[in-house]
Amino acid sequence: MSKSFAVIGDPIDHSLSPNIHSAAFREMDLDSSYIAYRIPKGELEEGIEGLKKINIHGFNITIPHKIAMMKFLDKMDESCSLIGAVNTVTNKDGILKGYNTDMDGFLEPFKKRKLNIAKCKVLLIGAGGAARAIVAGFAKEKASSITIANRTPEKADSLSEFAKTIGLNSNSIEIKEVRETAKNYDIIVNATSVGLKNEPSVISLQGINEKTIVYDIVYMPMNTDFIKKAKERNAVIVYGYEMLLGQAVRAFEIWHDMEAPYNAMKKALLGGF
Ligand SMILES: NC(=O)c1ccc[n+]([C@@H]2O[C@H](COP(=O)([O-])OP(=O)(O)OC[C@H]3O[C@@H](n4cnc5c(N)ncnc54)[C@H](OP(=O)(O)O)[C@@H]3O)[C@@H](O)[C@H]2O)c1
């Protein structure tokens with residue numbers, strides 16, 4: 001029987017997920033379809049009812065519903081309850097189970113490059129929803145410590161408290177306090193939305209070297225100012241599209257219970273740029 005999938009959010013027209021998953025269906029010869037479905041804020045409950053009526057097999061969730069969706073789940077995977085946000089759901093006879101594949105998606109590029117996170121000192125810029133999944137990832141991989149720098153200090157404080165509760169040594173600062181200290185870290189991650197509109201990087205990368213890992217989770221444009229500055233220093237670069245691909249690969253595996261066609265999905269994603 002043919003299976004239907006969707007991504008829900010608002011705005012949703014520019015989502016790359018339909019392309020990525022449709023390419024995987026073609027590659028694996030699966031009789032499945034994947035659509036982008038706009039559900040405005042405040043209309044989530046009706047939207048989900050609609051998806052259940054068409055017997056949706058699974059769906060992804062993006063801004064602004066990742067947290068609001070939690071209360072409509074019947075079951076939760078550990079990643080989802082730990083992070084407190086959901087981006088992937090399975091529907092089995094009307095029973096919705098939530099997962100958060102952002103954490104594994106974030107870690108995937110480290111695994112692909114055989115980069116070890118254990119014992120690394122991390123500087124994380126940003127303290128929003130994505131940053132929370134990233135903190136959970138660094139805790140899982142046993143980073144030595146994390147410094148969380150955010151524009152709004154209270155959010156950095158609360159994320160730092162979360163990091164401590166899951167066993168990760170952490171502290172919080174304001175972005176402007178980073179100044180020339182980026183060189184003191186092994187891994188630097190931009191998890192703010194700065195770069196989406198080609199804005200300059202919010203921190204200086206002065207003094208970093210070819211061993212520093214610089215990871216921007218903003219994926220459009222691919223070469224943000226933050227990435228360009230890291231390239232000037234010959235740092236190890238990880239692009240935002242790699243996280244996007246990683247979370248899609250993990251969602252595919254949850255839904256279809258088979259290994260995802262990574263290269264076909266990557267090709268479809270890069271074709272969207
Ligand atoms: N590659 C991927 O797969 C992937 C996955 C998820 C998200 N993302 C991208 O990651 C970004 C963040 O997503 P999110 O869900 O975490 O969003 P969010 O919850 O809205 O958090 C936004 C973060 O950006 C900071 N910020 C926004 N404008 C800023 C500015 N002008 N100067 C300094 N900081 C600023 C916010 O700081 P305040 O707390 O001070 O407001 C906050 O820390 C988005 O661009 C999203 O597209 C990528």
# chains A, B, ... in the order shown; residues from 1 in each chain; ligands from 1

call {"tool": "residues_around", "arguments": {"residues": "Thr152 in chain A", "least_positions_apart": "2", "cutoff": "12 Å", "atoms": "only C-alpha atoms", "output": "PyMOL selection string"}}
result
chain A and resi 125-128+148-150+154-159+172-176+192

call {"tool": "residues_around", "arguments": {"residues": "range 7-9 of chain A", "least_positions_apart": "5", "cutoff": "12 Å", "atoms": "only C-alpha atoms", "output": "short mmCIF file (atom, residue, chain, number, x, y, z; two decimals) with N, CA and C atoms, in the first residue's frame"}}
result
data_model
loop_
_atom_site.label_atom_id
_atom_site.label_comp_id
_atom_site.auth_asym_id
_atom_site.auth_seq_id
_atom_site.Cartn_x
_atom_site.Cartn_y
_atom_site.Cartn_z
N HIS A 14 9.52 26.86 1.16
CA HIS A 14 10.91 26.69 0.74
C HIS A 14 11.57 25.46 1.37
N SER A 15 10.76 24.64 2.05
CA SER A 15 11.34 23.45 2.70
C SER A 15 12.01 22.54 1.66
N LEU A 16 13.18 22.04 2.01
CA LEU A 16 13.91 21.14 1.11
C LEU A 16 13.55 19.68 1.38
N SER A 17 12.79 19.44 2.47
CA SER A 17 12.49 18.05 2.87
C SER A 17 11.72 17.25 1.81
N PRO A 18 10.70 17.83 1.13
CA PRO A 18 10.01 17.01 0.11
C PRO A 18 10.97 16.49 -0.96
N ASN A 19 11.90 17.34 -1.40
CA ASN A 19 12.88 16.91 -2.42
C ASN A 19 13.77 15.80 -1.90
N ILE A 20 14.25 15.97 -0.67
CA ILE A 20 15.21 14.99 -0.11
C ILE A 20 14.53 13.62 0.03
N HIS A 21 13.32 13.61 0.63
CA HIS A 21 12.66 12.33 0.86
C HIS A 21 12.14 11.70 -0.45
N SER A 33 4.84 8.98 -0.95
CA SER A 33 4.89 10.39 -1.37
C SER A 33 5.09 11.27 -0.14
N TYR A 34 5.63 12.47 -0.38
CA TYR A 34 5.98 13.39 0.72
C TYR A 34 5.60 14.80 0.31
N ILE A 35 4.76 15.45 1.11
CA ILE A 35 4.32 16.81 0.76
C ILE A 35 4.67 17.82 1.85
N ALA A 36 4.71 19.09 1.46
CA ALA A 36 4.85 20.19 2.43
C ALA A 36 3.45 20.69 2.74
N TYR A 37 3.10 20.77 4.00
CA TYR A 37 1.75 21.14 4.41
C TYR A 37 1.84 22.32 5.37
N ARG A 38 1.31 23.46 4.94
CA ARG A 38 1.40 24.66 5.80
C ARG A 38 0.34 24.60 6.89
N ILE A 39 0.79 24.62 8.13
CA ILE A 39 -0.13 24.72 9.27
C ILE A 39 0.27 25.96 10.06
N PRO A 40 -0.58 27.01 10.04
CA PRO A 40 -0.22 28.23 10.77
C PRO A 40 -0.24 28.00 12.28
N LYS A 41 0.46 28.88 13.00
CA LYS A 41 0.49 28.84 14.47
C LYS A 41 -0.95 28.89 14.97
N GLY A 42 -1.29 28.08 15.98
CA GLY A 42 -2.64 28.11 16.54
C GLY A 42 -3.60 27.14 15.85
N GLU A 43 -3.16 26.54 14.74
CA GLU A 43 -4.06 25.60 14.02
C GLU A 43 -3.51 24.18 14.00
N LEU A 44 -2.60 23.92 14.94
CA LEU A 44 -1.91 22.63 14.93
C LEU A 44 -2.87 21.46 15.16
N GLU A 45 -3.77 21.60 16.13
CA GLU A 45 -4.67 20.49 16.48
C GLU A 45 -5.50 20.05 15.27
N GLY A 47 -4.86 20.65 12.17
CA GLY A 47 -3.92 20.16 11.15
C GLY A 47 -3.60 18.69 11.37
N ILE A 48 -3.34 18.33 12.62
CA ILE A 48 -2.97 16.94 12.94
C ILE A 48 -4.16 16.01 12.70
N GLY A 50 -6.40 16.38 10.49
CA GLY A 50 -6.43 16.21 9.03
C GLY A 50 -5.42 15.17 8.57
N LEU A 51 -4.24 15.21 9.14
CA LEU A 51 -3.19 14.25 8.75
C LEU A 51 -3.58 12.83 9.15
N ILE A 56 -1.77 9.47 7.42
CA ILE A 56 -0.37 9.82 7.18
C ILE A 56 0.51 8.78 7.88
N HIS A 57 1.59 8.36 7.24
CA HIS A 57 2.44 7.33 7.85
C HIS A 57 3.44 7.95 8.83
N GLY A 58 3.88 9.19 8.47
CA GLY A 58 4.82 9.89 9.34
C GLY A 58 4.95 11.32 8.88
N PHE A 59 5.43 12.20 9.77
CA PHE A 59 5.65 13.58 9.33
C PHE A 59 6.77 14.25 10.11
N ASN A 60 7.36 15.26 9.48
CA ASN A 60 8.37 16.10 10.12
C ASN A 60 7.70 17.39 10.59
N ILE A 61 8.31 17.99 11.61
CA ILE A 61 7.75 19.23 12.16
C ILE A 61 8.85 20.28 12.17
N THR A 62 8.50 21.47 11.68
CA THR A 62 9.48 22.55 11.74
C THR A 62 8.84 23.78 12.38
N ILE A 63 9.58 24.90 12.37
CA ILE A 63 9.11 26.15 12.98
C ILE A 63 7.70 26.48 12.53
N PRO A 64 6.69 26.80 13.37
CA PRO A 64 6.84 27.11 14.81
C PRO A 64 6.28 26.01 15.72
N HIS A 65 6.22 24.74 15.25
CA HIS A 65 5.46 23.74 16.02
C HIS A 65 6.29 22.70 16.79
N LYS A 66 7.62 22.84 16.77
CA LYS A 66 8.45 21.76 17.35
C LYS A 66 8.17 21.50 18.83
N ILE A 67 7.83 22.54 19.57
CA ILE A 67 7.54 22.35 21.00
C ILE A 67 6.04 22.10 21.19
N ALA A 68 5.21 22.88 20.50
CA ALA A 68 3.74 22.74 20.65
C ALA A 68 3.27 21.33 20.30
N MET A 69 3.97 20.68 19.37
CA MET A 69 3.58 19.33 18.93
C MET A 69 3.68 18.29 20.05
N VAL A 86 10.03 18.10 19.27
CA VAL A 86 9.87 16.96 18.37
C VAL A 86 9.98 17.43 16.92
N ASN A 87 10.71 16.67 16.09
CA ASN A 87 10.77 17.04 14.67
C ASN A 87 10.37 15.89 13.75
N THR A 88 10.12 14.70 14.32
CA THR A 88 9.74 13.55 13.51
C THR A 88 8.67 12.74 14.25
N VAL A 89 7.60 12.35 13.53
CA VAL A 89 6.51 11.59 14.16
C VAL A 89 6.18 10.38 13.30
N ALA A 248 17.37 14.18 8.23
CA ALA A 248 16.47 13.55 7.25
C ALA A 248 16.78 12.06 7.10
N ALA A 251 15.36 10.31 10.08
CA ALA A 251 13.89 10.22 9.98
C ALA A 251 13.51 9.10 9.00
#

call {"tool": "residues_near_ligand", "arguments": {"ligand": "ligand 1", "cutoff": "8 Å", "atoms": "only C-alpha atoms and all ligand atoms", "output": "PyMOL selection string"}}
result
chain A and resi 63+102+105-106+125-132+150-153+155-156+175+191-196+202+216-220+239-247

call {"tool": "atom_distance", "arguments": {"atom1": "CA of Glu78 in chain A", "atom2": "CA of Lys140 in chain A"}}
result
12.2 Å

call {"tool": "residues_around", "arguments": {"residues": "Asn184 in chain A", "least_positions_apart": "2", "cutoff": "9 Å", "atoms": "only C-alpha atoms", "output": "PyMOL selection string"}}
result
chain A and resi 121+123+180-182+186+207-208

call {"tool": "residues_around", "arguments": {"residues": "Ala139 in chain A", "least_positions_apart": "3", "cutoff": "6 Å", "atoms": "only C-alpha atoms", "output": "ChimeraX atom specification"}}
result
/A:136,142,168

call {"tool": "closest_residue", "arguments": {"among": "A:Asn116, A:Lys266, A:Ala85, A:Ala143", "to": "Ser170 in chain A", "atoms": "only C-alpha atoms"}}
result
A:Ala143

call {"tool": "residues_around", "arguments": {"residues": "Met76 in chain A", "least_positions_apart": "4", "cutoff": "7 Å", "atoms": "only C-alpha atoms", "output": "list in words"}}
result
Cys80, Ser81, Lys97, Gly98 and Tyr99 of chain A

call {"tool": "write_last_selection", "arguments": {"atoms": "N, CA and C atoms", "output": "PDB file, in the first residue's frame"}}
result
ATOM      1  N   CYS A  80      13.396  12.715  22.231  1.00  0.00           N
ATOM      2  CA  CYS A  80      12.328  13.709  22.212  1.00  0.00           C
ATOM      3  C   CYS A  80      12.032  14.229  23.611  1.00  0.00           C
ATOM      4  N   SER A  81      11.930  13.326  24.595  1.00  0.00           N
ATOM      5  CA  SER A  81      11.640  13.781  25.955  1.00  0.00           C
ATOM      6  C   SER A  81      12.830  14.533  26.532  1.00  0.00           C
ATOM      7  N   LYS A  97       3.896   8.747  17.680  1.00  0.00           N
ATOM      8  CA  LYS A  97       5.121   8.666  18.485  1.00  0.00           C
ATOM      9  C   LYS A  97       6.140   9.692  17.988  1.00  0.00           C
ATOM     10  N   GLY A  98       6.705  10.458  18.927  1.00  0.00           N
ATOM     11  CA  GLY A  98       7.629  11.538  18.564  1.00  0.00           C
ATOM     12  C   GLY A  98       9.086  11.184  18.766  1.00  0.00           C
ATOM     13  N   TYR A  99       9.911  11.732  17.884  1.00  0.00           N
ATOM     14  CA  TYR A  99      11.367  11.577  17.945  1.00  0.00           C
ATOM     15  C   TYR A  99      11.989  12.948  17.703  1.00  0.00           C
TER      16      TYR A  99
END

call {"tool": "closest_residue", "arguments": {"among": "A:Arg179, A:Lys75, A:Ile203, A:Leu82", "to": "Gly137 in chain A", "atoms": "only C-alpha atoms"}}
result
A:Leu82

call {"tool": "atom_distance", "arguments": {"atom1": "CA of Val249 in chain A", "atom2": "CA of Asn100 in chain A"}}
result
12.3 Å

call {"tool": "closest_residue", "arguments": {"among": "A:Ile254, A:Ile146, A:Ala235, A:Leu270", "to": "Thr90 in chain A", "atoms": "only C-alpha atoms"}}
result
A:Ile254

call {"tool": "select_by_dssp", "arguments": {"residues": "range 115-164 of chain A", "states": "helix (DSSP H, G or I)", "output": "list of chain:residue names"}}
result
A:Gly129, A:Ala130, A:Ala131, A:Arg132, A:Ala133, A:Ile134, A:Val135, A:Ala136, A:Gly137, A:Phe138, A:Ala139, A:Lys140, A:Pro153, A:Glu154, A:Lys155, A:Ala156, A:Asp157, A:Ser158, A:Leu159, A:Ser160, A:Glu161, A:Phe162, A:Ala163, A:Lys164

call {"tool": "closest_residue", "arguments": {"among": "A:Lys164, A:Asn91, A:Ala133, A:Val236", "to": "Ser145 in chain A", "atoms": "only C-alpha atoms"}}
result
A:Lys164

call {"tool": "select_by_dssp", "arguments": {"residues": "range 87-226 of chain A", "states": "strand (DSSP E or B)", "output": "PyMOL selection string"}}
result
chain A and resi 88-92+95-99+121-125+145-150+170-174+187-190+213-216

call {"tool": "atom_distance", "arguments": {"atom1": "CA of Asn234 in chain A", "atom2": "CA of Lys119 in chain A"}}
result
22.0 Å
